[in-house]
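**Student:** Sharing query.cif below, mmCIF, C-alpha atoms:
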data_entry
#
loop_
_atom_site.label_atom_id
_atom_site.label_comp_id
_atom_site.auth_asym_id
_atom_site.auth_seq_id
_atom_site.Cartn_x
_atom_site.Cartn_y
_atom_site.Cartn_z
CA MET A 1252 152.93 160.05 21.09
CA GLU A 1253 150.45 159.37 23.88
CA THR A 1254 150.61 161.35 27.12
CA ILE A 1255 151.86 158.37 29.06
CA GLU A 1256 154.73 157.79 26.63
CA LYS A 1257 155.66 161.50 26.65
CA ILE A 1258 155.78 161.33 30.45
CA ARG A 1259 157.94 158.23 30.30
CA ALA A 1260 160.33 159.94 27.88
CA ALA A 1261 160.70 162.91 30.28
CA ILE A 1262 161.70 160.80 33.29
CA ARG A 1263 165.45 161.00 33.84
CA ASP A 1264 167.46 158.02 35.05
CA VAL A 1265 170.15 159.10 37.53
CA PRO A 1266 172.63 156.31 38.34
CA ASP A 1267 173.97 155.84 41.87
CA PHE A 1268 171.52 158.17 43.64
CA PRO A 1269 170.99 158.38 46.54
CA LYS A 1270 173.73 155.76 46.82
CA PRO A 1271 175.80 153.41 44.64
CA GLY A 1272 173.80 150.80 42.77
CA ILE A 1273 170.46 152.66 42.80
CA LEU A 1274 169.09 153.94 39.48
CA PHE A 1275 166.96 156.89 40.57
CA LYS A 1276 163.88 157.90 38.56
CA ASP A 1277 164.02 161.72 38.49
CA LEU A 1278 160.53 163.09 37.81
CA THR A 1279 161.53 166.77 37.93
CA PRO A 1280 161.86 167.14 34.12
CA LEU A 1281 158.23 166.12 33.67
CA MET A 1282 157.08 168.44 36.47
CA ALA A 1283 158.93 171.32 34.81
CA ASP A 1284 156.95 170.85 31.58
CA GLY A 1285 153.49 172.41 31.96
CA SER A 1286 151.85 170.10 29.46
CA LEU A 1287 153.34 166.93 30.97
CA LEU A 1288 152.56 168.04 34.53
CA ARG A 1289 148.92 168.55 33.54
CA GLY A 1290 149.00 165.22 31.76
CA ALA A 1291 150.32 163.42 34.84
CA ILE A 1292 147.79 165.11 37.15
CA GLY A 1293 145.09 164.19 34.64
CA LEU A 1294 145.95 160.49 34.92
CA PHE A 1295 145.34 160.60 38.68
CA VAL A 1296 142.22 162.77 38.32
CA ASP A 1297 140.60 160.42 35.80
CA ALA A 1298 141.38 157.43 38.01
CA CYS A 1299 140.08 159.17 41.16
CA ARG A 1300 136.86 160.52 39.72
CA GLU A 1301 135.13 157.14 39.55
CA LEU A 1302 136.11 156.49 43.19
CA ARG A 1303 134.37 159.67 44.44
CA PRO A 1304 136.89 160.46 47.23
CA ASP A 1305 136.28 163.06 49.94
CA LYS A 1306 140.00 163.64 50.47
CA ILE A 1307 143.27 163.06 48.71
CA VAL A 1308 146.13 162.12 51.04
CA GLY A 1309 149.72 162.84 49.95
CA ILE A 1310 152.99 161.65 51.47
CA GLU A 1311 155.80 164.19 52.14
CA ALA A 1312 157.41 165.52 50.06
CA ARG A 1313 156.96 164.47 46.42
CA GLY A 1314 153.48 163.14 47.15
CA PHE A 1315 152.51 166.73 47.95
CA ILE A 1316 153.37 167.80 44.40
CA PHE A 1317 150.94 165.36 42.83
CA GLY A 1318 148.38 165.03 45.63
CA SER A 1319 147.44 168.66 46.11
CA ALA A 1320 147.05 169.34 42.39
CA VAL A 1321 144.80 166.28 42.07
CA ALA A 1322 142.74 167.37 45.09
CA THR A 1323 142.36 170.88 43.67
CA ALA A 1324 141.28 169.57 40.27
CA LEU A 1325 138.69 167.26 41.89
CA GLY A 1326 137.47 169.83 44.44
CA CYS A 1327 138.52 167.50 47.30
CA GLY A 1328 140.39 168.40 50.44
CA PHE A 1329 144.10 167.55 50.69
CA VAL A 1330 145.63 165.85 53.74
CA PRO A 1331 149.42 165.73 54.21
CA ILE A 1332 151.22 162.79 55.82
CA ARG A 1333 154.45 164.27 57.12
CA LYS A 1334 157.75 163.27 58.64
CA LYS A 1335 157.75 163.12 62.43
CA GLY A 1336 157.74 166.48 64.20
CA LYS A 1337 156.42 168.57 61.30
CA LEU A 1338 152.68 168.54 62.02
CA PRO A 1339 151.75 170.96 64.82
CA TRP A 1340 148.52 169.39 66.15
CA LYS A 1341 147.69 166.00 67.73
CA THR A 1342 148.95 163.20 65.52
CA HIS A 1343 148.93 159.46 64.93
CA GLY A 1344 152.47 158.25 64.23
CA LYS A 1345 153.93 155.17 62.57
CA ALA A 1346 157.56 154.10 62.58
CA TYR A 1347 158.90 151.93 59.78
CA ALA A 1348 162.20 150.33 58.93
CA LEU A 1349 164.65 151.81 56.46
CA GLU A 1350 167.67 149.94 55.14
CA TYR A 1351 169.66 151.51 57.96
CA GLY A 1352 167.70 152.61 61.02
CA GLN A 1353 164.10 153.77 60.90
CA ALA A 1354 161.84 156.68 60.03
CA GLU A 1355 158.48 157.83 61.33
CA ILE A 1356 155.56 159.55 59.60
CA GLU A 1357 152.52 161.25 61.10
CA ILE A 1358 148.97 162.34 60.27
CA HIS A 1359 146.80 164.80 62.16
CA GLN A 1360 144.23 162.93 64.24
CA ASP A 1361 141.47 165.26 63.01
CA ALA A 1362 142.57 165.30 59.36
CA VAL A 1363 140.31 162.47 58.25
CA THR A 1364 137.00 161.60 59.90
CA GLU A 1365 135.82 158.02 60.44
CA GLY A 1366 134.44 156.60 57.20
CA ALA A 1367 135.78 159.37 54.96
CA ARG A 1368 136.51 158.15 51.43
CA VAL A 1369 140.21 158.73 50.75
CA VAL A 1370 142.74 158.03 48.00
CA LEU A 1371 146.42 157.91 48.96
CA ILE A 1372 148.83 159.36 46.36
CA ASP A 1373 152.60 159.27 46.03
CA ASP A 1374 154.97 159.76 43.13
CA LEU A 1375 156.66 156.36 43.06
CA LEU A 1376 156.28 152.88 44.52
CA ALA A 1377 159.62 151.24 45.26
CA THR A 1378 159.92 148.81 48.20
CA GLY A 1379 156.65 150.11 49.66
CA GLY A 1380 157.89 150.83 53.19
CA THR A 1381 156.61 154.39 53.41
CA ALA A 1382 153.33 153.62 51.64
CA CYS A 1383 152.72 150.67 53.95
CA ALA A 1384 153.19 152.90 57.02
CA ALA A 1385 150.87 155.51 55.47
CA ILE A 1386 148.18 152.86 54.91
CA GLU A 1387 148.43 151.80 58.56
CA LEU A 1388 148.12 155.43 59.67
CA LEU A 1389 144.97 155.84 57.59
CA ARG A 1390 143.52 152.68 59.14
CA GLU A 1391 144.05 154.28 62.58
CA THR A 1392 141.95 157.28 61.52
CA GLY A 1393 139.08 155.00 60.48
CA ALA A 1394 139.19 156.30 56.90
CA ASP A 1395 137.78 154.25 54.04
CA LEU A 1396 140.92 153.88 51.92
CA LEU A 1397 139.63 153.38 48.39
CA GLU A 1398 142.90 153.03 46.50
CA VAL A 1399 146.62 153.85 46.57
CA GLN A 1400 147.91 155.51 43.40
CA PHE A 1401 151.44 156.09 42.13
CA LEU A 1402 152.65 157.74 38.96
CA VAL A 1403 155.51 155.22 38.70
CA GLU A 1404 155.93 151.69 40.01
CA LEU A 1405 159.23 149.79 40.06
CA ASP A 1406 157.74 146.34 39.50
CA PHE A 1407 160.99 144.47 40.16
CA LEU A 1408 161.02 145.66 43.80
CA GLU A 1409 157.60 144.05 44.39
CA GLY A 1410 156.49 146.84 46.76
CA ARG A 1411 152.88 146.10 45.81
CA ILE A 1412 153.05 142.85 47.77
CA VAL A 1413 153.78 144.55 51.11
CA LEU A 1414 150.78 146.88 50.67
CA GLY A 1415 148.40 144.00 51.37
CA ASP A 1416 144.88 143.90 49.95
CA VAL A 1417 144.27 147.61 49.33
CA PRO A 1418 143.75 148.35 45.61
CA VAL A 1419 146.94 149.73 44.04
CA ARG A 1420 147.14 151.56 40.71
CA SER A 1421 150.25 152.88 38.95
CA PHE A 1422 150.38 154.57 35.57
CA LEU A 1423 153.94 153.75 34.49
CA HIS A 1424 155.81 150.56 35.21
CA TYR A 1425 159.51 149.73 35.12
CA MET B 598 131.70 185.60 53.99
CA GLU B 599 134.37 186.23 51.35
CA THR B 600 136.82 183.47 50.39
CA ILE B 601 139.71 185.22 52.07
CA GLU B 602 137.83 185.51 55.37
CA LYS B 603 136.74 181.85 55.21
CA ILE B 604 140.37 180.89 54.70
CA ARG B 605 141.42 183.05 57.64
CA ALA B 606 138.76 181.41 59.82
CA ALA B 607 140.10 177.94 58.92
CA ILE B 608 143.70 178.68 59.94
CA ARG B 609 144.44 177.16 63.33
CA ASP B 610 146.71 178.86 65.85
CA VAL B 611 148.91 176.33 67.65
CA PRO B 612 150.76 177.84 70.63
CA ASP B 613 154.35 176.84 71.41
CA PHE B 614 155.06 175.02 68.14
CA PRO B 615 157.72 174.16 67.08
CA LYS B 616 159.02 175.59 70.36
CA PRO B 617 157.88 177.66 73.35
CA GLY B 618 156.81 181.21 72.50
CA ILE B 619 155.98 180.56 68.83
CA LEU B 620 152.32 180.80 67.75
CA PHE B 621 152.23 178.49 64.72
CA LYS B 622 149.77 179.12 61.89
CA ASP B 623 148.48 175.66 60.96
CA LEU B 624 147.13 175.71 57.40
CA THR B 625 146.14 172.02 57.29
CA PRO B 626 142.45 172.65 58.16
CA LEU B 627 142.06 174.86 55.10
CA MET B 628 143.88 172.33 52.89
CA ALA B 629 141.53 169.61 54.11
CA ASP B 630 138.48 171.58 52.92
CA GLY B 631 138.07 171.17 49.16
CA SER B 632 136.32 174.49 48.70
CA LEU B 633 138.88 176.46 50.74
CA LEU B 634 141.82 174.71 49.06
CA ARG B 635 140.44 175.69 45.67
CA GLY B 636 139.83 179.18 46.98
CA ALA B 637 143.42 179.51 48.20
CA ILE B 638 144.85 178.15 44.94
CA GLY B 639 142.57 180.56 43.08
CA LEU B 640 144.10 183.55 44.88
CA PHE B 641 147.56 182.57 43.62
CA VAL B 642 146.28 181.72 40.13
CA ASP B 643 144.53 185.06 39.71
CA ALA B 644 147.64 186.91 40.89
CA CYS B 645 149.95 184.87 38.64
CA ARG B 646 147.89 185.08 35.47
CA GLU B 647 148.69 188.74 34.82
CA LEU B 648 152.41 188.00 35.28
CA ARG B 649 152.45 185.33 32.54
CA PRO B 650 155.01 183.03 34.21
CA ASP B 651 156.68 180.11 32.42
CA LYS B 652 157.30 178.23 35.68
CA ILE B 653 156.07 178.20 39.25
CA VAL B 654 158.81 177.49 41.79
CA GLY B 655 157.83 176.00 45.17
CA ILE B 656 159.89 175.59 48.33
CA GLU B 657 159.92 172.21 50.15
CA ALA B 658 157.67 171.08 51.66
CA ARG B 659 154.53 173.19 52.15
CA GLY B 660 155.37 175.30 49.11
CA PHE B 661 154.91 172.14 47.05
CA ILE B 662 151.28 171.88 48.18
CA PHE B 663 150.38 175.31 46.85
CA GLY B 664 152.93 175.65 44.04
CA SER B 665 152.14 172.52 42.04
CA ALA B 666 148.39 173.08 42.13
CA VAL B 667 148.90 176.66 40.93
CA ALA B 668 151.23 175.49 38.15
CA THR B 669 148.73 172.83 37.05
CA ALA B 670 145.86 175.31 37.00
CA LEU B 671 147.93 177.78 34.93
CA GLY B 672 149.41 175.14 32.62
CA CYS B 673 152.94 176.10 33.74
CA GLY B 674 155.76 173.81 34.73
CA PHE B 675 156.57 173.32 38.42
CA VAL B 676 160.10 173.51 39.81
CA PRO B 677 160.91 172.28 43.33
CA ILE B 678 163.51 173.91 45.57
CA ARG B 679 164.53 171.17 47.99
CA LYS B 680 166.53 170.60 51.12
CA LYS B 681 170.14 169.67 50.49
CA GLY B 682 170.75 166.15 49.23
CA LYS B 683 167.24 165.49 47.91
CA LEU B 684 167.63 166.51 44.26
CA PRO B 685 169.44 163.84 42.21
CA TRP B 686 170.93 165.92 39.37
CA LYS B 687 173.44 168.82 39.28
CA THR B 688 172.36 171.57 41.64
CA HIS B 689 172.99 175.11 42.77
CA GLY B 690 172.99 175.27 46.58
CA LYS B 691 172.53 178.06 49.10
CA ALA B 692 173.18 177.86 52.84
CA TYR B 693 171.33 180.17 55.19
CA ALA B 694 171.31 180.81 58.91
CA LEU B 695 168.69 179.38 61.24
CA GLU B 696 168.29 180.47 64.85
CA TYR B 697 170.60 177.60 65.77
CA GLY B 698 172.98 176.37 63.09
CA GLN B 699 172.21 176.54 59.38
CA ALA B 700 170.27 174.89 56.58
CA GLU B 701 170.86 174.53 52.85
CA ILE B 702 168.46 174.41 49.93
CA GLU B 703 169.08 173.41 46.33
CA ILE B 704 167.67 173.79 42.82
CA HIS B 705 168.50 171.73 39.75
CA GLN B 706 170.86 173.67 37.48
CA ASP B 707 168.73 172.79 34.44
CA ALA B 708 165.36 173.43 36.11
CA VAL B 709 165.06 177.02 34.96
CA THR B 710 166.62 178.41 31.80
CA GLU B 711 168.19 181.88 31.58
CA GLY B 712 165.49 184.52 31.24
CA ALA B 713 162.58 182.20 32.12
CA ARG B 714 159.70 184.07 33.76
CA VAL B 715 159.16 182.54 37.20
CA VAL B 716 156.98 183.13 40.27
CA LEU B 717 158.21 181.78 43.61
CA ILE B 718 155.48 180.43 45.91
CA ASP B 719 155.48 179.39 49.56
CA ASP B 720 152.80 179.01 52.17
CA LEU B 721 153.95 181.56 54.73
CA LEU B 722 156.41 184.43 55.09
CA ALA B 723 157.89 184.63 58.58
CA THR B 724 161.47 185.91 59.03
CA GLY B 725 162.19 185.38 55.33
CA GLY B 726 165.38 183.34 55.68
CA THR B 727 164.34 180.47 53.44
CA ALA B 728 162.66 182.69 50.87
CA CYS B 729 165.74 184.92 50.72
CA ALA B 730 167.95 181.90 50.00
CA ALA B 731 165.48 180.71 47.35
CA ILE B 732 165.59 184.12 45.65
CA GLU B 733 169.39 183.98 45.55
CA LEU B 734 169.25 180.48 44.05
CA LEU B 735 166.90 181.71 41.32
CA ARG B 736 169.28 184.60 40.59
CA GLU B 737 172.05 182.02 40.03
CA THR B 738 169.93 180.28 37.40
CA GLY B 739 169.46 183.55 35.51
CA ALA B 740 165.68 183.34 35.86
CA ASP B 741 163.52 186.45 35.61
CA LEU B 742 161.88 186.37 39.05
CA LEU B 743 158.60 188.22 38.58
CA GLU B 744 157.19 188.02 42.09
CA VAL B 745 157.28 186.07 45.34
CA GLN B 746 153.86 185.04 46.65
CA PHE B 747 152.74 183.74 50.04
CA LEU B 748 149.31 182.75 51.27
CA VAL B 749 150.10 184.18 54.72
CA GLU B 750 152.52 186.87 55.88
CA LEU B 751 153.43 187.52 59.52
CA ASP B 752 153.89 191.28 59.19
CA PHE B 753 155.38 191.75 62.65
CA LEU B 754 158.43 189.63 61.71
CA GLU B 755 159.24 192.02 58.85
CA GLY B 756 160.49 189.19 56.60
CA ARG B 757 159.54 191.28 53.57
CA ILE B 758 162.45 193.62 54.31
CA VAL B 759 165.10 190.91 53.93
CA LEU B 760 163.70 189.89 50.52
CA GLY B 761 165.11 193.05 48.95
CA ASP B 762 163.54 194.67 45.92
CA VAL B 763 161.71 191.68 44.40
CA PRO B 764 157.92 192.24 44.35
CA VAL B 765 156.25 190.39 47.25
CA ARG B 766 152.52 189.61 47.49
CA SER B 767 150.68 187.93 50.37
CA PHE B 768 146.96 187.29 50.60
CA LEU B 769 146.48 187.20 54.38
CA HIS B 770 148.34 189.29 56.91
CA TYR B 771 148.81 188.88 60.66
#
Is it possible to express this structure as structure tokens?
**Tutor:**
Amino acid sequence: METIEKIRAAIRDVPDFPKPGILFKDLTPLMADGSLLRGAIGLFVDACRELRPDKIVGIEARGFIFGSAVATALGCGFVPIRKKGKLPWKTHGKAYALEYGQAEIEIHQDAVTEGARVVLIDDLLATGGTACAAIELLRETGADLLEVQFLVELDFLEGRIVLGDVPVRSFLHY
Amino acid sequence: METIEKIRAAIRDVPDFPKPGILFKDLTPLMADGSLLRGAIGLFVDACRELRPDKIVGIEARGFIFGSAVATALGCGFVPIRKKGKLPWKTHGKAYALEYGQAEIEIHQDAVTEGARVVLIDDLLATGGTACAAIELLRETGADLLEVQFLVELDFLEGRIVLGDVPVRSFLHY
């Protein structure tokens, strides 16, 4: 079985999480398997290498799990995008709508210099709300956003459309 | 300059964060430097290798940044301990006191099998409240907790004392 199919087989469907009607893709069983974790990180690393990024940017919290391991493997720096109030230095912030209410994410103003080549990584693309806010934050820093990468994309939610014209790559599709 | 001293030089002191009187150790500048990130991950990896862990356990959220990269480098699985309500499957939970109110963290019941050799990783040891709760959670799973490792330890807060008799290792001390 190919790596990608082994990863797919390890993803656990959890019905009605976080609320009724949602079929949640639980990636923790693949993370807990050393060979599959390396395999998943390797997919990102191979895709990033040709892009020659200076930094990998990861979105709190599951994006940290994939993003920092990819950055370490590539020898790049890692930049966290965090929920509001978690980063201690001067930040850019971006609010975005949730189904009920809104959320806000932040990036340190000095985390990415103008023109830096960055790849944005998260575990899963669903409706794209968080990723879209993260892309706008990176634009504010003046970064050169090369690509947005996800391990899993839920095609039927069409989140890719809201991300605009930035290149998007996902390794598994549902 | 040695790796450890370069890492120390990259840590930024932020006064009065998250509240007046606290001098926050901001590790994001070292994460953003590819060479220092690799250096920091290498400290954990070298310390873990002799322990021969099956899994690396990381505490949300900054523990994910170090823990998953260490697990990937070692070829181990990675297990997240998360804030209450974030893990979709059956969990063990542990509440612990904060200065005001309390918090709760969780681990998946099937994340670690009885007798599995695990190392718990977080970025920084302060008062030890979260780490202590994480250790108790791991005891509930029946894991063999080999060591708890931190990049930074704030010695003057004496968090090490509350962790009991589990081996504790930190690479930088303040």
**Student:** As a list in words, please: the residues near segment 756-762 of chain B (cut-off 6 Å, all atoms listed in the file, same-chain neighbours under 4 positions excluded).
**Tutor:**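 What passes the distance filter is Ala723, Thr724, Gly725 and Cys729 of chain B.
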**Student:** After superposing chain A onto chain B (least squares, all C-alpha atoms, pairing by order), export the transformed chain as a compact mmCIF listing (two decimals) with C-alpha atoms, in the frame of the given file.
**Tutor:**
# COMPACT_ATOMS: atom_id res chain seq x y z
CA MET A 1252 131.73 185.59 53.99
CA GLU A 1253 134.39 186.21 51.36
CA THR A 1254 136.82 183.46 50.39
CA ILE A 1255 139.71 185.21 52.07
CA GLU A 1256 137.83 185.50 55.36
CA LYS A 1257 136.73 181.84 55.20
CA ILE A 1258 140.38 180.89 54.70
CA ARG A 1259 141.40 183.05 57.63
CA ALA A 1260 138.76 181.41 59.83
CA ALA A 1261 140.10 177.93 58.93
CA ILE A 1262 143.70 178.68 59.94
CA ARG A 1263 144.44 177.14 63.33
CA ASP A 1264 146.70 178.85 65.85
CA VAL A 1265 148.91 176.32 67.66
CA PRO A 1266 150.76 177.82 70.64
CA ASP A 1267 154.35 176.83 71.43
CA PHE A 1268 155.08 175.01 68.15
CA PRO A 1269 157.71 174.17 67.09
CA LYS A 1270 159.03 175.59 70.36
CA PRO A 1271 157.88 177.66 73.36
CA GLY A 1272 156.80 181.19 72.52
CA ILE A 1273 155.97 180.57 68.84
CA LEU A 1274 152.32 180.78 67.77
CA PHE A 1275 152.23 178.49 64.74
CA LYS A 1276 149.77 179.12 61.90
CA ASP A 1277 148.49 175.64 60.97
CA LEU A 1278 147.14 175.71 57.41
CA THR A 1279 146.15 172.03 57.30
CA PRO A 1280 142.46 172.66 58.17
CA LEU A 1281 142.08 174.87 55.11
CA MET A 1282 143.89 172.35 52.89
CA ALA A 1283 141.54 169.62 54.11
CA ASP A 1284 138.49 171.59 52.94
CA GLY A 1285 138.07 171.18 49.17
CA SER A 1286 136.33 174.49 48.70
CA LEU A 1287 138.88 176.46 50.73
CA LEU A 1288 141.83 174.71 49.07
CA ARG A 1289 140.44 175.69 45.66
CA GLY A 1290 139.84 179.18 46.98
CA ALA A 1291 143.43 179.52 48.20
CA ILE A 1292 144.87 178.15 44.93
CA GLY A 1293 142.58 180.55 43.08
CA LEU A 1294 144.10 183.55 44.88
CA PHE A 1295 147.56 182.59 43.62
CA VAL A 1296 146.28 181.72 40.13
CA ASP A 1297 144.53 185.08 39.69
CA ALA A 1298 147.64 186.91 40.89
CA CYS A 1299 149.95 184.87 38.62
CA ARG A 1300 147.91 185.09 35.46
CA GLU A 1301 148.69 188.75 34.80
CA LEU A 1302 152.41 188.00 35.27
CA ARG A 1303 152.44 185.33 32.52
CA PRO A 1304 155.02 183.02 34.20
CA ASP A 1305 156.69 180.11 32.42
CA LYS A 1306 157.30 178.24 35.68
CA ILE A 1307 156.08 178.21 39.23
CA VAL A 1308 158.81 177.49 41.79
CA GLY A 1309 157.83 176.00 45.17
CA ILE A 1310 159.90 175.60 48.32
CA GLU A 1311 159.94 172.21 50.15
CA ALA A 1312 157.68 171.08 51.66
CA ARG A 1313 154.54 173.19 52.16
CA GLY A 1314 155.38 175.30 49.12
CA PHE A 1315 154.91 172.14 47.06
CA ILE A 1316 151.29 171.90 48.19
CA PHE A 1317 150.40 175.32 46.85
CA GLY A 1318 152.94 175.66 44.04
CA SER A 1319 152.16 172.54 42.05
CA ALA A 1320 148.40 173.09 42.14
CA VAL A 1321 148.90 176.67 40.93
CA ALA A 1322 151.24 175.50 38.15
CA THR A 1323 148.75 172.84 37.06
CA ALA A 1324 145.87 175.33 36.99
CA LEU A 1325 147.94 177.79 34.92
CA GLY A 1326 149.43 175.14 32.60
CA CYS A 1327 152.95 176.11 33.75
CA GLY A 1328 155.78 173.82 34.72
CA PHE A 1329 156.58 173.33 38.41
CA VAL A 1330 160.12 173.52 39.80
CA PRO A 1331 160.90 172.28 43.33
CA ILE A 1332 163.50 173.91 45.58
CA ARG A 1333 164.51 171.17 47.99
CA LYS A 1334 166.52 170.60 51.12
CA LYS A 1335 170.15 169.67 50.50
CA GLY A 1336 170.74 166.13 49.24
CA LYS A 1337 167.23 165.48 47.91
CA LEU A 1338 167.63 166.50 44.27
CA PRO A 1339 169.42 163.83 42.22
CA TRP A 1340 170.93 165.91 39.38
CA LYS A 1341 173.44 168.80 39.28
CA THR A 1342 172.35 171.55 41.64
CA HIS A 1343 172.99 175.10 42.77
CA GLY A 1344 173.00 175.26 46.57
CA LYS A 1345 172.53 178.05 49.10
CA ALA A 1346 173.17 177.85 52.83
CA TYR A 1347 171.32 180.17 55.19
CA ALA A 1348 171.29 180.80 58.90
CA LEU A 1349 168.68 179.37 61.23
CA GLU A 1350 168.27 180.46 64.83
CA TYR A 1351 170.59 177.61 65.78
CA GLY A 1352 172.97 176.38 63.09
CA GLN A 1353 172.20 176.52 59.39
CA ALA A 1354 170.27 174.86 56.59
CA GLU A 1355 170.86 174.53 52.87
CA ILE A 1356 168.45 174.39 49.93
CA GLU A 1357 169.08 173.41 46.32
CA ILE A 1358 167.67 173.79 42.81
CA HIS A 1359 168.50 171.73 39.74
CA GLN A 1360 170.86 173.66 37.48
CA ASP A 1361 168.73 172.79 34.43
CA ALA A 1362 165.36 173.42 36.09
CA VAL A 1363 165.04 177.02 34.95
CA THR A 1364 166.62 178.40 31.78
CA GLU A 1365 168.19 181.87 31.58
CA GLY A 1366 165.47 184.50 31.23
CA ALA A 1367 162.58 182.20 32.11
CA ARG A 1368 159.69 184.06 33.76
CA VAL A 1369 159.15 182.54 37.20
CA VAL A 1370 156.98 183.13 40.27
CA LEU A 1371 158.22 181.79 43.61
CA ILE A 1372 155.49 180.44 45.93
CA ASP A 1373 155.50 179.40 49.57
CA ASP A 1374 152.79 179.01 52.17
CA LEU A 1375 153.95 181.57 54.73
CA LEU A 1376 156.41 184.43 55.10
CA ALA A 1377 157.90 184.63 58.58
CA THR A 1378 161.47 185.91 59.04
CA GLY A 1379 162.18 185.37 55.33
CA GLY A 1380 165.38 183.34 55.69
CA THR A 1381 164.34 180.46 53.44
CA ALA A 1382 162.66 182.71 50.87
CA CYS A 1383 165.74 184.92 50.72
CA ALA A 1384 167.96 181.89 50.00
CA ALA A 1385 165.48 180.71 47.35
CA ILE A 1386 165.59 184.13 45.65
CA GLU A 1387 169.39 183.98 45.55
CA LEU A 1388 169.25 180.49 44.05
CA LEU A 1389 166.91 181.71 41.32
CA ARG A 1390 169.27 184.60 40.57
CA GLU A 1391 172.05 182.01 40.02
CA THR A 1392 169.92 180.27 37.38
CA GLY A 1393 169.45 183.54 35.49
CA ALA A 1394 165.66 183.34 35.85
CA ASP A 1395 163.51 186.45 35.60
CA LEU A 1396 161.87 186.37 39.03
CA LEU A 1397 158.60 188.23 38.57
CA GLU A 1398 157.18 188.02 42.08
CA VAL A 1399 157.28 186.07 45.35
CA GLN A 1400 153.85 185.04 46.65
CA PHE A 1401 152.74 183.75 50.04
CA LEU A 1402 149.32 182.75 51.27
CA VAL A 1403 150.11 184.19 54.72
CA GLU A 1404 152.51 186.88 55.88
CA LEU A 1405 153.42 187.53 59.52
CA ASP A 1406 153.88 191.29 59.18
CA PHE A 1407 155.36 191.75 62.66
CA LEU A 1408 158.42 189.64 61.72
CA GLU A 1409 159.22 192.03 58.84
CA GLY A 1410 160.48 189.20 56.60
CA ARG A 1411 159.53 191.29 53.57
CA ILE A 1412 162.44 193.63 54.30
CA VAL A 1413 165.10 190.92 53.93
CA LEU A 1414 163.71 189.89 50.52
CA GLY A 1415 165.10 193.07 48.96
CA ASP A 1416 163.52 194.68 45.91
CA VAL A 1417 161.70 191.70 44.40
CA PRO A 1418 157.91 192.24 44.35
CA VAL A 1419 156.23 190.41 47.25
CA ARG A 1420 152.52 189.62 47.50
CA SER A 1421 150.68 187.92 50.37
CA PHE A 1422 146.96 187.30 50.61
CA LEU A 1423 146.48 187.20 54.39
CA HIS A 1424 148.33 189.29 56.92
CA TYR A 1425 148.80 188.88 60.66
**Student:** Once the PyMOL selection byres ((chain A and resi 1352-1357) around 9) has been evaluated on this model, what residues remain selected, and can you format them as a PDB file with C-alpha atoms, keeping the file's coordinate frame?
**Tutor:**
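Everything below was put into out38.pdb:
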ATOM      1  CA  ILE A1310     152.990 161.650  51.470  1.00  0.00           C
ATOM      2  CA  GLU A1311     155.800 164.190  52.140  1.00  0.00           C
ATOM      3  CA  PRO A1331     149.420 165.730  54.210  1.00  0.00           C
ATOM      4  CA  ILE A1332     151.220 162.790  55.820  1.00  0.00           C
ATOM      5  CA  ARG A1333     154.450 164.270  57.120  1.00  0.00           C
ATOM      6  CA  LYS A1334     157.750 163.270  58.640  1.00  0.00           C
ATOM      7  CA  LYS A1335     157.750 163.120  62.430  1.00  0.00           C
ATOM      8  CA  GLY A1336     157.740 166.480  64.200  1.00  0.00           C
ATOM      9  CA  LYS A1337     156.420 168.570  61.300  1.00  0.00           C
ATOM     10  CA  LEU A1338     152.680 168.540  62.020  1.00  0.00           C
ATOM     11  CA  THR A1342     148.950 163.200  65.520  1.00  0.00           C
ATOM     12  CA  HIS A1343     148.930 159.460  64.930  1.00  0.00           C
ATOM     13  CA  GLY A1344     152.470 158.250  64.230  1.00  0.00           C
ATOM     14  CA  LYS A1345     153.930 155.170  62.570  1.00  0.00           C
ATOM     15  CA  ALA A1346     157.560 154.100  62.580  1.00  0.00           C
ATOM     16  CA  TYR A1347     158.900 151.930  59.780  1.00  0.00           C
ATOM     17  CA  ALA A1348     162.200 150.330  58.930  1.00  0.00           C
ATOM     18  CA  LEU A1349     164.650 151.810  56.460  1.00  0.00           C
ATOM     19  CA  GLU A1350     167.670 149.940  55.140  1.00  0.00           C
ATOM     20  CA  TYR A1351     169.660 151.510  57.960  1.00  0.00           C
ATOM     21  CA  ILE A1358     148.970 162.340  60.270  1.00  0.00           C
ATOM     22  CA  HIS A1359     146.800 164.800  62.160  1.00  0.00           C
ATOM     23  CA  THR A1381     156.610 154.390  53.410  1.00  0.00           C
ATOM     24  CA  ALA A1384     153.190 152.900  57.020  1.00  0.00           C
ATOM     25  CA  ALA A1385     150.870 155.510  55.470  1.00  0.00           C
ATOM     26  CA  LEU A1388     148.120 155.430  59.670  1.00  0.00           C
TER      27      LEU A1388
END
**Student:** Hey, could you pull the box centre and edge lengths for segment 688-704 of chain B, axis-aligned, 4 Å padding per side, all listed atoms, to one decimal in Å, as lines of an AutoDock Vina configuration file?
**Tutor:**
center_x = 170.4
center_y = 176.2
center_z = 53.7
size_x = 13.5
size_y = 17.2
size_z = 32.1
**Student:** Do you know which residues are at most 8 Å from Phe1329 of chain A counting only C-alpha atoms, after dropping those on the same chain fewer than 4 positions away, and could you put them as a list in words?
**Tutor:**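 Here the qualifying residues turn out to be Lys1306, Ile1307, Val1308, Gly1309, Gly1318, Ser1319, Ala1322 and Thr1323 of chain A; Met628, Ala629, Asp630, Gly631 and Leu634 of chain B.
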**Student:** Check the smallest atom-to-atom distance from each of A:Val1321, A:Leu1302, A:Leu1402, A:Val1369 to chain B using all atoms listed in the file, then report the winner.
**Tutor:** A:Val1321
**Student:** Could you please determine the separation between atom CA of Val1265 of chain A and atom CA of Leu1376 of chain A in Å, to one decimal place?
**Tutor:**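 Taking atom CA of Val1265 of chain A as the start and atom CA of Leu1376 of chain A as the end point, the length is 16.7 Å.
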